[in-house]
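**Student:** This is the structure I want to talk about, given as structure tokens.
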Amino acid sequence: MSSAEGRVVLVTGGNRGIGRAIAGRFVEEGYRVAVTARSGEGPEGTLTVRADVTDGAAVDAAFAEVEQQLGPVEIVVANAGITKDTLLMRMSEDDFDSVVATNLGGSFRVVKRASKGMLKARFGRVILISSVVGLLGSAGQVNYASSKSALVGFARSLTRELGARGITTNVVAPGFIETDMTAELPEATQAEYRKSIPAGRYGSAAEVAAAVTWLASDDAGYISGAVIPVDGGLGMGH
Ligand code: NDP
């Protein structure tokens, strides 16, 4: 039996896009996997629980259900995220607050709740899905880039808090990945972005999932506070 077997994973936003690919890869590797979803279901082999990550009570209830059905969460992937892109001059307070409340606040709520069980178990893997634009910046994404760069400070602070308890906290920073989020961009913008990526192509959700499952594995037990890019070279120098 590999050490992955029996470990319980929770992925937020596991009904589509990158979160779905991450959940599916964990299932393939023999973990017991739960996903949170506001709508739809996780991939085959996962337990789907309802939760909006902006709602602390809903997050708490989702964890209680996972704990009851699968056991304490040992690996948490804070993936749920949104964009509300517009130039700063046009950005409303709500555009800013809702993106921060989902991407950063959602990670806070989920990781805080997960840390209880991890402390008891003296084992945990916290993986935060950030973005290349968190450190590179992006015109029209002051809200999104702020929420994503903050995850680096989050991971490094938590590493200092919980690093001695067998808990690692890392950030995965994807570049442009083919999902609903990037499909919304105009074709001309997509072509422009593609030119700036050294790999010359967008990434796939499966490529992000591979980095996440590796960080969750025993092989990555001495890696914490790191930012792992999955971006075809776009953000070199971070
Ligand atoms: P999608 O838009 O395809 O999926 C977003 C997921 O987040 C959905 O499952 C969605 O649920 C969920 N979600 C959004 N808001 C909430 C909320 N308040 N509560 C619970 N779940 C919520 O995005 P991607 O798969 O592309 O992105 C996943 C993560 O990766 C995000 O954090 C994103 O910022 C990041 N990322 C994506 C990149 C890309 O190029 N695609 C690049 C860099 C980072 P629902 O279906 O209910 O809306």
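Residue numbers start at 1 in each chain; chains themselves are named A, B, ... in the order of the structure tokens; ligands are numbered from 1 in the order shown.
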Check which residues fall inside 7 Å of ligand 1 when counting only C-alpha atoms and all ligand atoms, and print them as a PyMOL selection string.
**Tutor:** chain A and resi 12-19+36-40+51-54+79-83+102-103+129-132+173-182
**Student:** Among segment 30-228 of chain A, which residues does DSSP mark as helix (DSSP H, G or I) when it is run on the backbone? Keep the chain and numbering as in the structure and answer as a PyMOL selection string.
**Tutor:** chain A and resi 56-69+88-90+93-121+132-136+142-165+180-183+187-196+205-216+218-220
**Student:** Which residues are near Val171 of chain A? Cut-off 9 Å, only C-alpha atoms, ignore same chain within fewer than 2 positions. Put them as number ranges by chain.
**Tutor:** A: 126-131, 151-152, 155, 169, 173, 224-229
**Student:** As an exercise, work out the distance from atom CA of Asn143 of chain A to atom CA of Val99 of chain A in Å and give it to one decimal place.
**Tutor:** 6.3 Å
**Student:** Wanna dump the segment 20-86 of chain A-segment 213-217 of chain A contacts at 12 Å for me, each residue with its shortest atom pair and the distance in Å to one decimal, counting only C-alpha atoms, ordered by chain and number, as a tab-separated table?
**Tutor:**
residue	atom	partner	partner_atom	distance
A:Ala21	CA	A:Thr213	CA	10.6
A:Ile22	CA	A:Thr213	CA	7.4
A:Ala23	CA	A:Thr213	CA	9.3
A:Gly24	CA	A:Thr213	CA	10.4
A:Arg25	CA	A:Thr213	CA	7.3
A:Phe26	CA	A:Thr213	CA	6.5
A:Val27	CA	A:Thr213	CA	10.3
A:Glu28	CA	A:Thr213	CA	10.4
A:Glu29	CA	A:Thr213	CA	8.5
A:Gly30	CA	A:Thr213	CA	11.0
A:Tyr31	CA	A:Thr213	CA	10.0
A:Val33	CA	A:Thr213	CA	12.0
A:Glu74	CA	A:Ala216	CA	9.4
A:Ile75	CA	A:Ala216	CA	6.8
A:Val76	CA	A:Ala216	CA	9.0
A:Val77	CA	A:Ala216	CA	9.3
**Student:** Could you write out that same residue set with C-alpha atoms as a short mmCIF file (atom, residue, chain, number, x, y, z; two decimals), in the first residue's frame?
**Tutor:**
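Result written to out_38.cif:
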data_model
loop_
_atom_site.label_atom_id
_atom_site.label_comp_id
_atom_site.auth_asym_id
_atom_site.auth_seq_id
_atom_site.Cartn_x
_atom_site.Cartn_y
_atom_site.Cartn_z
CA ALA A 21 -8.32 17.96 -12.96
CA ILE A 22 -6.57 18.07 -9.58
CA ALA A 23 -9.33 16.02 -7.92
CA GLY A 24 -9.28 13.47 -10.76
CA ARG A 25 -5.51 13.05 -10.53
CA PHE A 26 -5.70 12.46 -6.76
CA VAL A 27 -8.35 9.76 -7.37
CA GLU A 28 -6.06 8.09 -9.95
CA GLU A 29 -3.24 8.07 -7.40
CA GLY A 30 -5.32 6.30 -4.77
CA TYR A 31 -6.26 9.12 -2.40
CA VAL A 33 -10.97 12.73 -2.45
CA GLU A 74 -4.95 15.77 5.52
CA ILE A 75 -4.38 17.55 2.22
CA VAL A 76 -6.24 20.72 1.28
CA VAL A 77 -6.09 22.43 -2.09
#
**Student:** Might you pull out every residue within 9 Å of Val49 of chain A, with only C-alpha atoms counted and same-chain residues fewer than 3 positions away left off, and present them as number ranges by chain?
**Tutor:** A: 34-38, 41-42, 61-63, 65-66
**Student:** Ala139 of chain A: which residues within 10 Å, counting only C-alpha atoms, same-chain residues fewer than 3 positions away excluded, as number ranges by chain?
**Tutor:** A: 85-88, 133, 142, 145
**Student:** Restricting the calculation to only C-alpha atoms: of A:Glu207, A:Asp60, A:Asp55, A:Glu93, which residue gets closest to Asp231 of chain A?
**Tutor:** A:Glu207
**Student:** My list of candidates is A:Arg20, A:Arg90, A:Lys195, A:Lys112. Which is closest to Gly56 of chain A when distances are computed with only C-alpha atoms?
**Tutor:**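 Result for the nearest residue to Gly56 of chain A: A:Lys112.
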**Student:** Out of A:Met236, A:Asn170, A:Pro72, A:Tyr222, which residue has the shortest atom-to-atom distance to Met118 of chain A when counting only C-alpha atoms?
**Tutor:** A:Pro72
**Student:** Can you pull out every residue from segment 76-202 of chain A that DSSP, working from the backbone, puts in strand (DSSP E or B), and format the result as a PDB file with N, CA and C atoms, in the first residue's frame?
**Tutor:**
ATOM      1  N   VAL A  76      -5.213  19.785   1.747  1.00  0.00           N
ATOM      2  CA  VAL A  76      -6.235  20.718   1.281  1.00  0.00           C
ATOM      3  C   VAL A  76      -5.682  21.533   0.114  1.00  0.00           C
ATOM      4  N   VAL A  77      -6.479  21.642  -0.925  1.00  0.00           N
ATOM      5  CA  VAL A  77      -6.090  22.434  -2.094  1.00  0.00           C
ATOM      6  C   VAL A  77      -7.098  23.571  -2.236  1.00  0.00           C
ATOM      7  N   ALA A  78      -6.639  24.798  -1.951  1.00  0.00           N
ATOM      8  CA  ALA A  78      -7.502  25.982  -2.066  1.00  0.00           C
ATOM      9  C   ALA A  78      -7.419  26.472  -3.504  1.00  0.00           C
ATOM     10  N   GLY A 124       0.208  17.402   7.423  1.00  0.00           N
ATOM     11  CA  GLY A 124      -0.705  18.154   6.559  1.00  0.00           C
ATOM     12  C   GLY A 124       0.010  18.686   5.336  1.00  0.00           C
ATOM     13  N   ARG A 125      -0.782  18.849   4.290  1.00  0.00           N
ATOM     14  CA  ARG A 125      -0.286  19.480   3.069  1.00  0.00           C
ATOM     15  C   ARG A 125      -1.298  20.552   2.685  1.00  0.00           C
ATOM     16  N   VAL A 126      -0.829  21.795   2.665  1.00  0.00           N
ATOM     17  CA  VAL A 126      -1.672  22.915   2.249  1.00  0.00           C
ATOM     18  C   VAL A 126      -1.136  23.408   0.911  1.00  0.00           C
ATOM     19  N   ILE A 127      -1.996  23.432  -0.087  1.00  0.00           N
ATOM     20  CA  ILE A 127      -1.566  23.863  -1.424  1.00  0.00           C
ATOM     21  C   ILE A 127      -2.523  24.953  -1.896  1.00  0.00           C
ATOM     22  N   LEU A 128      -1.955  26.133  -2.160  1.00  0.00           N
ATOM     23  CA  LEU A 128      -2.768  27.294  -2.541  1.00  0.00           C
ATOM     24  C   LEU A 128      -2.567  27.564  -4.028  1.00  0.00           C
ATOM     25  N   ILE A 129      -3.667  27.674  -4.759  1.00  0.00           N
ATOM     26  CA  ILE A 129      -3.543  27.940  -6.198  1.00  0.00           C
ATOM     27  C   ILE A 129      -3.551  29.450  -6.421  1.00  0.00           C
ATOM     28  N   ILE A 167       3.533  19.916   8.807  1.00  0.00           N
ATOM     29  CA  ILE A 167       2.594  20.513   7.835  1.00  0.00           C
ATOM     30  C   ILE A 167       3.381  21.399   6.866  1.00  0.00           C
ATOM     31  N   THR A 168       3.241  21.148   5.585  1.00  0.00           N
ATOM     32  CA  THR A 168       3.864  22.018   4.581  1.00  0.00           C
ATOM     33  C   THR A 168       2.794  22.885   3.929  1.00  0.00           C
ATOM     34  N   THR A 169       3.196  24.076   3.535  1.00  0.00           N
ATOM     35  CA  THR A 169       2.279  24.998   2.842  1.00  0.00           C
ATOM     36  C   THR A 169       2.997  25.562   1.628  1.00  0.00           C
ATOM     37  N   ASN A 170       2.445  25.337   0.470  1.00  0.00           N
ATOM     38  CA  ASN A 170       3.081  25.794  -0.765  1.00  0.00           C
ATOM     39  C   ASN A 170       2.070  26.442  -1.701  1.00  0.00           C
ATOM     40  N   VAL A 171       2.620  27.209  -2.616  1.00  0.00           N
ATOM     41  CA  VAL A 171       1.818  27.912  -3.612  1.00  0.00           C
ATOM     42  C   VAL A 171       2.136  27.331  -4.990  1.00  0.00           C
ATOM     43  N   VAL A 172       1.110  27.070  -5.759  1.00  0.00           N
ATOM     44  CA  VAL A 172       1.298  26.715  -7.169  1.00  0.00           C
ATOM     45  C   VAL A 172       0.804  27.906  -7.987  1.00  0.00           C
ATOM     46  N   ALA A 173       1.663  28.389  -8.881  1.00  0.00           N
ATOM     47  CA  ALA A 173       1.318  29.576  -9.664  1.00  0.00           C
ATOM     48  C   ALA A 173       1.195  29.208 -11.144  1.00  0.00           C
ATOM     49  N   PRO A 174      -0.014  28.866 -11.575  1.00  0.00           N
ATOM     50  CA  PRO A 174      -0.183  28.537 -12.995  1.00  0.00           C
ATOM     51  C   PRO A 174      -0.055  29.785 -13.871  1.00  0.00           C
ATOM     52  N   ILE A 177      -3.763  28.706 -18.554  1.00  0.00           N
ATOM     53  CA  ILE A 177      -4.195  27.315 -18.627  1.00  0.00           C
ATOM     54  C   ILE A 177      -5.535  27.279 -19.357  1.00  0.00           C
TER      55      ILE A 177
END
**Student:** As an exercise, work out the distance from atom CA of Leu104 of chain A to atom CA of Gly163 of chain A in Å and give it to one decimal place.
**Tutor:**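 About the pair atom CA of Leu104 of chain A and atom CA of Gly163 of chain A: they are 20.7 Å apart.
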